[in-house]
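Structure first, commentary second.
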Amino acid sequence: MKKKGLVLFAEIIYLFILFFFCYTAANKLVNIDSFKTNLIKTTLFTKETAHYFSYVVICLEILVIGLLIFKKQIGLFAFVITMFIFTLYISYLRYNQLYEVCGCGGILNGLEYRYHFIINLSLLLSGLFCLYIYKYEK
Amino acid sequence: MKNKFFVIVATVFCTLFLWILYLNFFESNRVDYHFFNRNFSNNTVLVFDKLTDKISNFDFIDNIPSNDSIIELEKKVFNADTIECKLYFTDLDFKRKIIRNTRIPKNCNILFYKKDRVYFTKEFNFFSCNICNNKIEKYPLTNLKIANVKFLNNSKEEMLVFGELKEGNKFLTGFFKVSLLNLTIQPIKILETNNKNQYLANTLKYVGEFTYSPSDTILSYACDKYSRIYFFDKTGNYIKELITSENVPLPTISTNEKGDSFYSRGGTWNTNMVSFMKNGFVYVFSAREIDKLNLILDKYSFTDLKYIETYKIKCDSYNSRDITNLFINENGIVLSFTQNYASFKFSR
């Protein structure tokens, strides 16, 4: 019974993760200029590198979405790796005082660092939890 | 084999997690906040008088610079080409209030008000609009792009402007004296000479405001994001510049693919919010202080430009970063914040 509940909970989290990545990827794609501008503002990217990097990030997100839909476990693994990279990136920005507001897209835009970090960490842990459940409990 | 894979993945995840923790608990030693050791004084030069609400009930109100009054601009109705506005005028004691309705062109940047005329730029051209009859006059200052204006206190329709002048193949950024009567432009202090148009980037770099201190008859221009204050006499001639002690460098400007300019992160700091002069001393409201519960007022000598001392001034819960404008007369100053004004008298 407990195991069933955990699997159901993991399923809800999985759907949320899928929705969340679809949402942020769509927002980045719709507001691509604003996303590029946010990358340039960090001073880590030039105009040219920000242009290519923005498309690489969106493609990566779409790839993760695809994997999440068709290869759940691999998708969750890719999601966790991606969230690690994103969290490392915003942490690096904070470390060098380059973080101002979030530029991830949609409702996340304009988010203060601590909230952004909490959201990233929650998603990361949720992804790890789902991965564990699907791998060992299901 | 499976165990080996698990160990590798767990090691990578733990390493990444430790890196994230490190980056969140520590700070790069390359980060410079541009604070300096202040010599705090228990005396005061400003005595808090009162807080007054903004006259307009609108949430976002622009103050229009002028030589003698506090003016609020309330944008009411947006038409196809114009905006119907209300102008609220008051003196520095908030005793006399006048409200006037007018129309201004859409997408204009209002720079100054003088004698029934609002001076503004639109698409880099300089105009005035008579608020009584809404008649607009364009000034043919074709080679000059104006960012900031202060009319000199004389009858010659002269003003000191900050902007960029195209002279031959060169673009000069700095201060210019402009006569609206005979349309002459005289360079006063050039800060940069460039081979291409740098107007947008330079207006961001040198953004600031003019203040005329009547007791010392000195006109100053304090940069908001660069530790420089430029001084001019009442006729607009350049005197000298002060480098304030926090020594914030010029902000770094980035441009995106569309050509929009903006401040780069990690290379831009708010510094001198507003400044004024009194009895031969320069007073600067500085944003470069960790204290966020007081206004921080630094005092410098105008003669040798040396830092003297700092005053902490309690004013509600405002700090220097909240200041949007300063108005000054012989008796005191008025600081403008988003929602209200704080009046201070000079201590004797």
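Order determines the names: the first chain of the structure tokens is A, the second B, and so forth; residues in each chain are numbered 1 upward, and ligands are numbered 1 upward as they are shown.
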
Query raised in the report: chain B residues within 7 Å of chain A, counting only C-alpha atoms: which ones, as a list in words?
Result: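 Result: Leu16, Ile20, Leu23, Asn24, Phe26, Glu27, Ser28, Val31, Ser254, Asn256, Glu257, Ser264, Arg265 and Gly266 of chain B.
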
Prev. selection, all heavy atoms, output as a short mmCIF file (atom, residue, chain, number, x, y, z; two decimals), in the first residue's frame:
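Produced file result_24.cif, reproduced below:
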```
data_model
loop_
_atom_site.label_atom_id
_atom_site.label_comp_id
_atom_site.auth_asym_id
_atom_site.auth_seq_id
_atom_site.Cartn_x
_atom_site.Cartn_y
_atom_site.Cartn_z
N LEU B 16 28.98 17.42 -7.67
CA LEU B 16 28.22 18.58 -8.15
C LEU B 16 27.50 19.27 -6.99
O LEU B 16 27.48 20.50 -6.90
CB LEU B 16 27.20 18.16 -9.22
CG LEU B 16 27.76 17.74 -10.58
CD1 LEU B 16 26.66 17.18 -11.46
CD2 LEU B 16 28.42 18.93 -11.27
N ILE B 20 27.88 23.07 -5.62
CA ILE B 20 26.73 23.99 -5.47
C ILE B 20 26.74 24.59 -4.06
O ILE B 20 26.56 25.79 -3.89
CB ILE B 20 25.41 23.25 -5.78
CG1 ILE B 20 25.32 22.97 -7.28
CG2 ILE B 20 24.20 24.06 -5.33
CD1 ILE B 20 24.20 22.02 -7.69
N LEU B 23 29.53 27.19 -3.75
CA LEU B 23 29.21 28.44 -4.46
C LEU B 23 28.14 29.25 -3.75
O LEU B 23 28.03 30.46 -3.93
CB LEU B 23 28.77 28.15 -5.91
CG LEU B 23 29.84 27.59 -6.84
CD1 LEU B 23 29.23 27.17 -8.16
CD2 LEU B 23 30.94 28.61 -7.08
N ASN B 24 27.33 28.55 -2.92
CA ASN B 24 26.26 29.26 -2.21
C ASN B 24 26.68 29.75 -0.82
O ASN B 24 26.03 30.63 -0.27
CB ASN B 24 25.02 28.38 -2.11
CG ASN B 24 24.22 28.44 -3.38
OD1 ASN B 24 23.49 29.39 -3.62
ND2 ASN B 24 24.40 27.45 -4.24
N PHE B 26 29.99 30.64 -0.07
CA PHE B 26 31.13 31.55 -0.15
C PHE B 26 30.93 32.57 -1.27
O PHE B 26 29.99 32.45 -2.04
CB PHE B 26 32.43 30.76 -0.36
CG PHE B 26 32.73 29.84 0.78
CD1 PHE B 26 32.36 28.50 0.71
CD2 PHE B 26 33.34 30.31 1.94
CE1 PHE B 26 32.61 27.64 1.77
CE2 PHE B 26 33.59 29.45 3.00
CZ PHE B 26 33.22 28.12 2.93
N GLU B 27 31.82 33.51 -1.32
CA GLU B 27 31.72 34.56 -2.31
C GLU B 27 33.09 34.77 -2.96
O GLU B 27 34.11 34.67 -2.25
CB GLU B 27 31.29 35.85 -1.61
CG GLU B 27 30.46 36.72 -2.49
CD GLU B 27 29.62 37.66 -1.66
OE1 GLU B 27 30.21 38.53 -1.04
OE2 GLU B 27 28.38 37.50 -1.65
N SER B 28 33.10 35.04 -4.23
CA SER B 28 34.37 35.24 -4.92
C SER B 28 35.12 36.43 -4.33
O SER B 28 34.51 37.46 -4.03
CB SER B 28 34.10 35.48 -6.40
OG SER B 28 35.24 35.97 -7.02
N VAL B 31 34.91 39.95 -6.06
CA VAL B 31 33.76 40.85 -5.94
C VAL B 31 34.15 42.05 -5.08
O VAL B 31 34.65 41.90 -3.97
CB VAL B 31 32.55 40.12 -5.31
CG1 VAL B 31 31.41 41.08 -5.07
CG2 VAL B 31 32.10 38.99 -6.22
N SER B 254 26.56 46.55 -22.18
CA SER B 254 26.49 45.49 -23.19
C SER B 254 25.38 45.84 -24.19
O SER B 254 24.49 46.63 -23.88
CB SER B 254 26.13 44.16 -22.53
OG SER B 254 27.08 43.82 -21.58
N ASN B 256 22.62 44.03 -27.13
CA ASN B 256 22.08 42.77 -27.66
C ASN B 256 22.00 42.84 -29.19
O ASN B 256 22.44 43.82 -29.80
CB ASN B 256 20.74 42.42 -27.02
CG ASN B 256 19.66 43.43 -27.32
OD1 ASN B 256 19.83 44.31 -28.15
ND2 ASN B 256 18.54 43.32 -26.64
N GLU B 257 21.44 41.80 -29.79
CA GLU B 257 21.39 41.73 -31.26
C GLU B 257 20.58 42.86 -31.88
O GLU B 257 20.84 43.27 -33.00
CB GLU B 257 20.78 40.38 -31.68
CG GLU B 257 21.74 39.23 -31.47
CD GLU B 257 21.09 37.88 -31.68
OE1 GLU B 257 19.87 37.75 -31.45
OE2 GLU B 257 21.80 36.95 -32.05
N SER B 264 25.81 45.91 -17.72
CA SER B 264 26.25 44.53 -17.48
C SER B 264 26.22 44.28 -15.98
O SER B 264 26.51 45.16 -15.20
CB SER B 264 27.68 44.34 -17.94
OG SER B 264 27.82 44.70 -19.25
N ARG B 265 25.90 43.02 -15.63
CA ARG B 265 25.91 42.67 -14.21
C ARG B 265 27.35 42.51 -13.73
O ARG B 265 28.23 42.14 -14.50
CB ARG B 265 25.17 41.37 -13.99
CG ARG B 265 23.70 41.52 -14.24
CD ARG B 265 23.02 40.19 -14.11
NE ARG B 265 21.75 40.23 -14.78
CZ ARG B 265 21.13 39.16 -15.24
NH1 ARG B 265 21.66 37.98 -15.09
NH2 ARG B 265 19.98 39.27 -15.83
N GLY B 266 27.56 42.79 -12.46
CA GLY B 266 28.88 42.63 -11.88
C GLY B 266 29.82 43.77 -12.22
O GLY B 266 30.94 43.80 -11.75
#
```

Query raised in the report: Could you pull out all residues of segment 27-261 of chain B with a DSSP call of strand (DSSP E) and give them as an NGL selection string?
Result: :B and (46-53 or 62-64 or 70-78 or 82-90 or 97-105 or 109-114 or 117-122 or 125-130 or 136-139 or 144-151 or 158-167 or 170-179 or 184-194 or 208-213 or 218-223 or 228-233 or 238-243 or 253-255 or 261)

Report task. Could you give me, as a list in words, the residues within 7 Å of segment 85-87 of chain B, counting only C-alpha atoms and dropping anything in the same chain fewer than 4 positions from it? Result ->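 The residues satisfying every condition are Ile71, Glu72, Leu73, Glu74, Lys75, Lys76, Ile99, Arg100, Asn101, Thr102 and Arg103 of chain B.
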
Would you write out those residues with N, CA, C and O atoms, as a PDB file, in the first residue's frame?
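Ended up saving to part_0.pdb:
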```
ATOM      1  N   ILE B  71       7.716  69.678  -9.489  1.00  0.00           N
ATOM      2  CA  ILE B  71       6.661  69.447 -10.482  1.00  0.00           C
ATOM      3  C   ILE B  71       6.447  67.947 -10.641  1.00  0.00           C
ATOM      4  O   ILE B  71       7.406  67.199 -10.837  1.00  0.00           O
ATOM      5  N   GLU B  72       5.207  67.541 -10.539  1.00  0.00           N
ATOM      6  CA  GLU B  72       4.863  66.132 -10.773  1.00  0.00           C
ATOM      7  C   GLU B  72       4.103  66.017 -12.082  1.00  0.00           C
ATOM      8  O   GLU B  72       3.260  66.862 -12.383  1.00  0.00           O
ATOM      9  N   LEU B  73       4.405  64.989 -12.820  1.00  0.00           N
ATOM     10  CA  LEU B  73       3.725  64.756 -14.102  1.00  0.00           C
ATOM     11  C   LEU B  73       2.872  63.506 -13.978  1.00  0.00           C
ATOM     12  O   LEU B  73       3.365  62.432 -13.654  1.00  0.00           O
ATOM     13  N   GLU B  74       1.573  63.693 -14.216  1.00  0.00           N
ATOM     14  CA  GLU B  74       0.642  62.559 -14.149  1.00  0.00           C
ATOM     15  C   GLU B  74       0.109  62.319 -15.556  1.00  0.00           C
ATOM     16  O   GLU B  74      -0.578  63.176 -16.115  1.00  0.00           O
ATOM     17  N   LYS B  75       0.452  61.179 -16.136  1.00  0.00           N
ATOM     18  CA  LYS B  75      -0.010  60.875 -17.495  1.00  0.00           C
ATOM     19  C   LYS B  75      -1.381  60.217 -17.391  1.00  0.00           C
ATOM     20  O   LYS B  75      -1.511  59.142 -16.818  1.00  0.00           O
ATOM     21  N   LYS B  76      -2.408  60.893 -17.975  1.00  0.00           N
ATOM     22  CA  LYS B  76      -3.785  60.424 -17.738  1.00  0.00           C
ATOM     23  C   LYS B  76      -4.361  59.607 -18.887  1.00  0.00           C
ATOM     24  O   LYS B  76      -4.712  58.459 -18.724  1.00  0.00           O
ATOM     25  N   ILE B  99      -2.481  73.122 -10.143  1.00  0.00           N
ATOM     26  CA  ILE B  99      -2.658  71.985 -11.047  1.00  0.00           C
ATOM     27  C   ILE B  99      -2.972  72.515 -12.442  1.00  0.00           C
ATOM     28  O   ILE B  99      -3.819  73.410 -12.597  1.00  0.00           O
ATOM     29  N   ARG B 100      -2.293  72.012 -13.449  1.00  0.00           N
ATOM     30  CA  ARG B 100      -2.570  72.444 -14.824  1.00  0.00           C
ATOM     31  C   ARG B 100      -2.686  71.237 -15.736  1.00  0.00           C
ATOM     32  O   ARG B 100      -1.929  70.277 -15.608  1.00  0.00           O
ATOM     33  N   ASN B 101      -3.646  71.321 -16.644  1.00  0.00           N
ATOM     34  CA  ASN B 101      -3.828  70.239 -17.622  1.00  0.00           C
ATOM     35  C   ASN B 101      -3.125  70.618 -18.915  1.00  0.00           C
ATOM     36  O   ASN B 101      -3.125  71.778 -19.316  1.00  0.00           O
ATOM     37  N   THR B 102      -2.536  69.635 -19.536  1.00  0.00           N
ATOM     38  CA  THR B 102      -1.863  69.913 -20.811  1.00  0.00           C
ATOM     39  C   THR B 102      -1.802  68.637 -21.651  1.00  0.00           C
ATOM     40  O   THR B 102      -2.219  67.560 -21.193  1.00  0.00           O
ATOM     41  N   ARG B 103      -1.281  68.796 -22.853  1.00  0.00           N
ATOM     42  CA  ARG B 103      -1.062  67.625 -23.722  1.00  0.00           C
ATOM     43  C   ARG B 103       0.400  67.619 -24.150  1.00  0.00           C
ATOM     44  O   ARG B 103       0.932  68.662 -24.527  1.00  0.00           O
TER      45      ARG B 103
END
```

Write out as a compact mmCIF listing (two decimals) with N, CA and C atoms, in the first residue's frame all residues of chain A that DSSP puts in alpha helix (DSSP H) for this structure's backbone.
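Once written, out27.txt looks like this:
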```txt
# COMPACT_ATOMS: atom_id res chain seq x y z
N LYS A 2 1.91 1.21 0.90
CA LYS A 2 2.83 2.34 1.02
C LYS A 2 3.60 2.53 -0.28
N LYS A 3 4.02 1.40 -0.87
CA LYS A 3 4.76 1.40 -2.12
C LYS A 3 3.90 2.01 -3.24
N LYS A 4 2.63 1.64 -3.26
CA LYS A 4 1.70 2.15 -4.27
C LYS A 4 1.55 3.67 -4.16
N GLY A 5 1.46 4.10 -2.92
CA GLY A 5 1.35 5.54 -2.65
C GLY A 5 2.58 6.30 -3.14
N LEU A 6 3.75 5.72 -2.88
CA LEU A 6 5.01 6.35 -3.31
C LEU A 6 5.09 6.43 -4.83
N VAL A 7 4.65 5.36 -5.49
CA VAL A 7 4.68 5.33 -6.95
C VAL A 7 3.72 6.37 -7.52
N LEU A 8 2.54 6.48 -6.89
CA LEU A 8 1.56 7.49 -7.33
C LEU A 8 2.13 8.90 -7.16
N PHE A 9 2.78 9.10 -5.99
CA PHE A 9 3.38 10.40 -5.69
C PHE A 9 4.47 10.73 -6.73
N ALA A 10 5.29 9.72 -7.04
CA ALA A 10 6.36 9.90 -8.03
C ALA A 10 5.77 10.22 -9.40
N GLU A 11 4.64 9.58 -9.72
CA GLU A 11 3.96 9.82 -11.00
C GLU A 11 3.50 11.28 -11.10
N ILE A 12 2.93 11.79 -9.98
CA ILE A 12 2.47 13.20 -9.96
C ILE A 12 3.66 14.13 -10.17
N ILE A 13 4.76 13.84 -9.45
CA ILE A 13 5.97 14.67 -9.58
C ILE A 13 6.49 14.61 -11.01
N TYR A 14 6.50 13.42 -11.58
CA TYR A 14 6.98 13.24 -12.96
C TYR A 14 6.17 14.12 -13.92
N LEU A 15 4.83 14.11 -13.75
CA LEU A 15 3.98 14.91 -14.64
C LEU A 15 4.25 16.41 -14.44
N PHE A 16 4.48 16.77 -13.18
CA PHE A 16 4.77 18.18 -12.89
C PHE A 16 6.09 18.59 -13.56
N ILE A 17 7.11 17.72 -13.43
CA ILE A 17 8.42 18.00 -14.04
C ILE A 17 8.27 18.17 -15.55
N LEU A 18 7.50 17.29 -16.15
CA LEU A 18 7.26 17.34 -17.60
C LEU A 18 6.58 18.66 -17.98
N PHE A 19 5.54 19.00 -17.21
CA PHE A 19 4.81 20.25 -17.47
C PHE A 19 5.75 21.45 -17.29
N PHE A 20 6.55 21.40 -16.24
CA PHE A 20 7.44 22.52 -15.90
C PHE A 20 8.47 22.75 -17.02
N PHE A 21 9.07 21.69 -17.51
CA PHE A 21 10.07 21.84 -18.57
C PHE A 21 9.42 22.31 -19.87
N CYS A 22 8.20 21.80 -20.17
CA CYS A 22 7.48 22.26 -21.37
C CYS A 22 7.21 23.76 -21.26
N TYR A 23 6.78 24.16 -20.08
CA TYR A 23 6.43 25.57 -19.82
C TYR A 23 7.65 26.49 -20.00
N THR A 24 8.76 26.15 -19.34
CA THR A 24 9.94 27.03 -19.42
C THR A 24 10.56 27.02 -20.83
N ALA A 25 10.55 25.83 -21.48
CA ALA A 25 11.11 25.77 -22.85
C ALA A 25 10.27 26.61 -23.80
N ALA A 26 8.94 26.50 -23.68
CA ALA A 26 8.04 27.28 -24.55
C ALA A 26 8.24 28.77 -24.31
N ASN A 27 8.36 29.14 -23.04
CA ASN A 27 8.56 30.56 -22.73
C ASN A 27 9.88 31.10 -23.25
N LYS A 28 10.91 30.28 -23.14
CA LYS A 28 12.22 30.71 -23.66
C LYS A 28 12.15 30.90 -25.17
N LEU A 29 11.43 29.99 -25.83
CA LEU A 29 11.31 30.04 -27.28
C LEU A 29 10.50 31.26 -27.72
N VAL A 30 9.42 31.53 -27.01
CA VAL A 30 8.57 32.69 -27.35
C VAL A 30 9.32 34.00 -27.08
N ILE A 32 12.66 34.61 -26.89
CA ILE A 32 14.07 34.25 -27.12
C ILE A 32 14.99 35.48 -26.98
N ASP A 33 14.50 36.65 -27.42
CA ASP A 33 15.35 37.86 -27.33
C ASP A 33 15.64 38.23 -25.89
N SER A 34 14.60 38.12 -25.07
CA SER A 34 14.77 38.45 -23.65
C SER A 34 15.72 37.45 -22.98
N PHE A 35 15.62 36.19 -23.38
CA PHE A 35 16.50 35.15 -22.85
C PHE A 35 17.95 35.43 -23.23
N LYS A 36 18.16 35.80 -24.51
CA LYS A 36 19.52 36.12 -24.98
C LYS A 36 20.07 37.33 -24.23
N THR A 37 19.21 38.36 -24.06
CA THR A 37 19.65 39.57 -23.36
C THR A 37 20.09 39.24 -21.94
N ASN A 38 19.32 38.36 -21.28
CA ASN A 38 19.69 37.96 -19.92
C ASN A 38 21.04 37.26 -19.88
N LEU A 39 21.31 36.47 -20.90
CA LEU A 39 22.61 35.77 -20.96
C LEU A 39 23.74 36.78 -21.17
N ILE A 40 23.51 37.76 -22.06
CA ILE A 40 24.55 38.77 -22.34
C ILE A 40 24.83 39.60 -21.09
N LYS A 41 23.75 39.93 -20.36
CA LYS A 41 23.90 40.76 -19.15
C LYS A 41 24.83 40.13 -18.11
N LYS A 47 27.64 38.52 -27.59
CA LYS A 47 26.42 38.54 -28.39
C LYS A 47 26.29 37.25 -29.20
N GLU A 48 27.40 36.81 -29.78
CA GLU A 48 27.39 35.63 -30.65
C GLU A 48 27.18 34.35 -29.83
N THR A 49 27.97 34.21 -28.74
CA THR A 49 27.86 32.97 -27.96
C THR A 49 26.48 32.87 -27.31
N ALA A 50 25.93 34.02 -26.90
CA ALA A 50 24.59 34.00 -26.29
C ALA A 50 23.55 33.52 -27.30
N HIS A 51 23.75 33.92 -28.55
CA HIS A 51 22.83 33.51 -29.63
C HIS A 51 22.80 31.98 -29.74
N TYR A 52 24.00 31.37 -29.87
CA TYR A 52 24.06 29.92 -30.03
C TYR A 52 23.66 29.19 -28.75
N PHE A 53 24.17 29.72 -27.62
CA PHE A 53 23.91 29.06 -26.34
C PHE A 53 22.41 29.00 -26.02
N SER A 54 21.69 30.09 -26.36
CA SER A 54 20.26 30.13 -26.07
C SER A 54 19.54 28.99 -26.80
N TYR A 55 19.93 28.74 -28.08
CA TYR A 55 19.30 27.66 -28.83
C TYR A 55 19.73 26.29 -28.31
N VAL A 56 20.99 26.20 -27.86
CA VAL A 56 21.47 24.93 -27.30
C VAL A 56 20.64 24.58 -26.05
N VAL A 57 20.40 25.58 -25.19
CA VAL A 57 19.63 25.35 -23.96
C VAL A 57 18.21 24.89 -24.29
N ILE A 58 17.59 25.59 -25.25
CA ILE A 58 16.21 25.24 -25.61
C ILE A 58 16.15 23.82 -26.22
N CYS A 59 17.12 23.52 -27.08
CA CYS A 59 17.17 22.18 -27.69
C CYS A 59 17.37 21.12 -26.60
N LEU A 60 18.23 21.43 -25.64
CA LEU A 60 18.48 20.50 -24.54
C LEU A 60 17.18 20.24 -23.76
N GLU A 61 16.45 21.31 -23.49
CA GLU A 61 15.19 21.17 -22.76
C GLU A 61 14.19 20.33 -23.56
N ILE A 62 14.13 20.58 -24.87
CA ILE A 62 13.20 19.82 -25.72
C ILE A 62 13.61 18.34 -25.75
N LEU A 63 14.91 18.10 -25.80
CA LEU A 63 15.43 16.73 -25.79
C LEU A 63 15.03 16.02 -24.49
N VAL A 64 15.17 16.73 -23.38
CA VAL A 64 14.80 16.16 -22.08
C VAL A 64 13.29 15.87 -22.04
N ILE A 65 12.50 16.78 -22.61
CA ILE A 65 11.04 16.58 -22.65
C ILE A 65 10.73 15.31 -23.44
N GLY A 66 11.40 15.17 -24.60
CA GLY A 66 11.21 13.98 -25.44
C GLY A 66 11.56 12.71 -24.68
N LEU A 67 12.69 12.74 -24.02
CA LEU A 67 13.13 11.57 -23.25
C LEU A 67 12.15 11.28 -22.10
N LEU A 68 11.69 12.33 -21.46
CA LEU A 68 10.74 12.15 -20.34
C LEU A 68 9.46 11.46 -20.82
N ILE A 69 9.05 11.79 -22.06
CA ILE A 69 7.81 11.21 -22.59
C ILE A 69 8.04 9.75 -23.05
N PHE A 70 9.13 9.55 -23.79
CA PHE A 70 9.31 8.23 -24.42
C PHE A 70 10.20 7.27 -23.65
N LYS A 72 11.12 7.19 -19.90
CA LYS A 72 10.92 7.83 -18.61
C LYS A 72 12.19 7.88 -17.74
N GLN A 73 12.82 6.71 -17.55
CA GLN A 73 13.97 6.66 -16.63
C GLN A 73 15.16 7.46 -17.15
N ILE A 74 15.46 7.26 -18.44
CA ILE A 74 16.57 8.02 -19.04
C ILE A 74 16.23 9.52 -19.00
N GLY A 75 14.96 9.84 -19.28
CA GLY A 75 14.50 11.22 -19.25
C GLY A 75 14.69 11.84 -17.88
N LEU A 76 14.33 11.09 -16.84
CA LEU A 76 14.49 11.61 -15.47
C LEU A 76 15.97 11.79 -15.13
N PHE A 77 16.78 10.86 -15.61
CA PHE A 77 18.23 10.97 -15.38
C PHE A 77 18.76 12.24 -16.07
N ALA A 78 18.34 12.45 -17.32
CA ALA A 78 18.75 13.64 -18.07
C ALA A 78 18.24 14.91 -17.39
N PHE A 79 17.01 14.83 -16.86
CA PHE A 79 16.43 15.97 -16.16
C PHE A 79 17.27 16.34 -14.94
N VAL A 80 17.66 15.33 -14.17
CA VAL A 80 18.46 15.57 -12.95
C VAL A 80 19.80 16.20 -13.32
N ILE A 81 20.43 15.65 -14.37
CA ILE A 81 21.73 16.21 -14.81
C ILE A 81 21.55 17.68 -15.24
N THR A 82 20.48 17.92 -16.02
CA THR A 82 20.21 19.30 -16.49
C THR A 82 19.99 20.24 -15.31
N MET A 83 19.21 19.78 -14.32
CA MET A 83 18.94 20.63 -13.15
C MET A 83 20.21 20.89 -12.35
N PHE A 84 21.09 19.89 -12.30
CA PHE A 84 22.38 20.08 -11.64
C PHE A 84 23.16 21.20 -12.34
N ILE A 85 23.17 21.13 -13.69
CA ILE A 85 23.91 22.14 -14.48
C ILE A 85 23.29 23.53 -14.27
N PHE A 86 21.96 23.61 -14.35
CA PHE A 86 21.28 24.91 -14.16
C PHE A 86 21.56 25.48 -12.78
N THR A 87 21.50 24.61 -11.75
CA THR A 87 21.71 25.08 -10.37
C THR A 87 23.16 25.52 -10.18
N LEU A 88 24.07 24.76 -10.79
CA LEU A 88 25.49 25.12 -10.74
C LEU A 88 25.70 26.49 -11.41
N TYR A 89 25.00 26.70 -12.51
CA TYR A 89 25.12 27.95 -13.26
C TYR A 89 24.62 29.14 -12.43
N ILE A 90 23.43 29.01 -11.83
CA ILE A 90 22.93 30.16 -11.05
C ILE A 90 23.77 30.36 -9.78
N SER A 91 24.30 29.25 -9.23
CA SER A 91 25.16 29.38 -8.05
C SER A 91 26.45 30.10 -8.40
N TYR A 92 26.98 29.80 -9.58
CA TYR A 92 28.20 30.47 -10.05
C TYR A 92 27.94 31.97 -10.24
N LEU A 93 26.75 32.28 -10.79
CA LEU A 93 26.38 33.70 -10.97
C LEU A 93 26.33 34.40 -9.61
N ARG A 94 25.70 33.75 -8.62
CA ARG A 94 25.61 34.34 -7.29
C ARG A 94 26.99 34.53 -6.68
N TYR A 95 27.85 33.51 -6.82
CA TYR A 95 29.20 33.52 -6.27
C TYR A 95 29.98 34.74 -6.78
N TYR A 113 17.17 35.47 -6.14
CA TYR A 113 18.06 34.30 -6.15
C TYR A 113 17.59 33.20 -5.20
N ARG A 114 17.30 33.57 -3.94
CA ARG A 114 16.99 32.51 -2.96
C ARG A 114 15.79 31.66 -3.38
N TYR A 115 14.76 32.31 -4.00
CA TYR A 115 13.57 31.56 -4.44
C TYR A 115 13.93 30.67 -5.63
N HIS A 116 14.75 31.23 -6.52
CA HIS A 116 15.19 30.47 -7.69
C HIS A 116 15.97 29.23 -7.23
N PHE A 117 16.83 29.44 -6.25
CA PHE A 117 17.66 28.33 -5.75
C PHE A 117 16.78 27.27 -5.08
N ILE A 118 15.81 27.70 -4.31
CA ILE A 118 14.91 26.75 -3.63
C ILE A 118 14.13 25.94 -4.68
N ILE A 119 13.62 26.63 -5.71
CA ILE A 119 12.87 25.93 -6.77
C ILE A 119 13.77 24.90 -7.47
N ASN A 120 14.98 25.34 -7.82
CA ASN A 120 15.91 24.43 -8.50
C ASN A 120 16.24 23.21 -7.65
N LEU A 121 16.51 23.49 -6.37
CA LEU A 121 16.87 22.40 -5.45
C LEU A 121 15.70 21.43 -5.28
N SER A 122 14.47 21.99 -5.16
CA SER A 122 13.28 21.15 -5.00
C SER A 122 13.08 20.26 -6.23
N LEU A 123 13.27 20.87 -7.42
CA LEU A 123 13.11 20.09 -8.66
C LEU A 123 14.17 19.01 -8.76
N LEU A 124 15.37 19.36 -8.34
CA LEU A 124 16.48 18.41 -8.39
C LEU A 124 16.20 17.21 -7.47
N LEU A 125 15.78 17.51 -6.25
CA LEU A 125 15.50 16.44 -5.29
C LEU A 125 14.29 15.63 -5.74
N SER A 126 13.28 16.32 -6.31
CA SER A 126 12.10 15.62 -6.81
C SER A 126 12.49 14.66 -7.93
N GLY A 127 13.37 15.13 -8.82
CA GLY A 127 13.84 14.29 -9.92
C GLY A 127 14.58 13.07 -9.40
N LEU A 128 15.43 13.27 -8.40
CA LEU A 128 16.19 12.15 -7.80
C LEU A 128 15.23 11.15 -7.14
N PHE A 129 14.21 11.70 -6.48
CA PHE A 129 13.21 10.86 -5.81
C PHE A 129 12.47 9.98 -6.84
N CYS A 130 12.03 10.62 -7.93
CA CYS A 130 11.32 9.88 -8.99
C CYS A 130 12.21 8.81 -9.58
N LEU A 131 13.45 9.20 -9.82
CA LEU A 131 14.42 8.26 -10.41
C LEU A 131 14.57 7.03 -9.51
N TYR A 132 14.67 7.30 -8.23
CA TYR A 132 14.83 6.20 -7.26
C TYR A 132 13.60 5.29 -7.26
```

Report task. Extract, using only C-alpha atoms, all DNA, RNA and protein residues at most 8 Å from Phe281 of chain B, discarding same-chain residues fewer than 3 positions from it, and format them as number ranges by chain. Result -> B: 277-278, 299-302

Query raised in the report: Near Val248 of chain B, counting only C-alpha atoms, which residues have an atom at most 10 Å away, once you skip same-chain residues fewer than 5 positions from it, shown as a list in words?
Result: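 That gives Asp32, Tyr33, His34, Phe35, Asp224, Lys225, Tyr226, Ser227, Arg228, Ile243, Gly267, Thr268, Trp269, Asn270, Thr271, Asn272 and Arg288 of chain B.
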
Query - Near-segment 144-160 of chain B list (7 Å; only C-alpha atoms; drop same-chain fewer than 3 positions) as a list in words - result: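 Once the nearby chain positions are removed, what remains is Leu111, Phe112, Phe124, Asn125, Leu141, Gly163, Glu164, Leu165, Lys166, Phe175, Phe176, Lys177, Val178, Ser179, Leu180, Leu181, Thr203, Phe210, Lys234, Thr235 and Gly236 of chain B.
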
Report task. Kindly indicate which residue among B:Phe327, B:Tyr283, B:Tyr199, B:Tyr139 lies nearest to Phe162 of chain B, using only C-alpha atoms for the distances. Result ->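 Closest to Phe162 of chain B of all the choices is B:Tyr199.
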
**Report entry** Pick from B:Ile104, B:Val207, B:Cys223, B:Val12 nearest to Phe78 of chain B, counting only C-alpha atoms
**Finding:**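 Answer, going by the shortest atom-to-atom distance: B:Ile104.
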
Query - Selected residue, from B:Ser317, B:Thr52, B:Asn57, B:Thr211, that lies nearest to Tyr341 of chain B when counting only C-alpha atoms - result: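 That would be B:Thr52, the residue with the smallest distance to Tyr341 of chain B.
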
Query raised in the report: Taking into account only C-alpha atoms, which residue in the set B:Asn130, B:Ser41, B:Thr121, B:Asn194 is nearest to Tyr311 of chain B?
Result: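 Using only C-alpha atoms, the shortest distance to Tyr311 of chain B belongs to B:Ser41.
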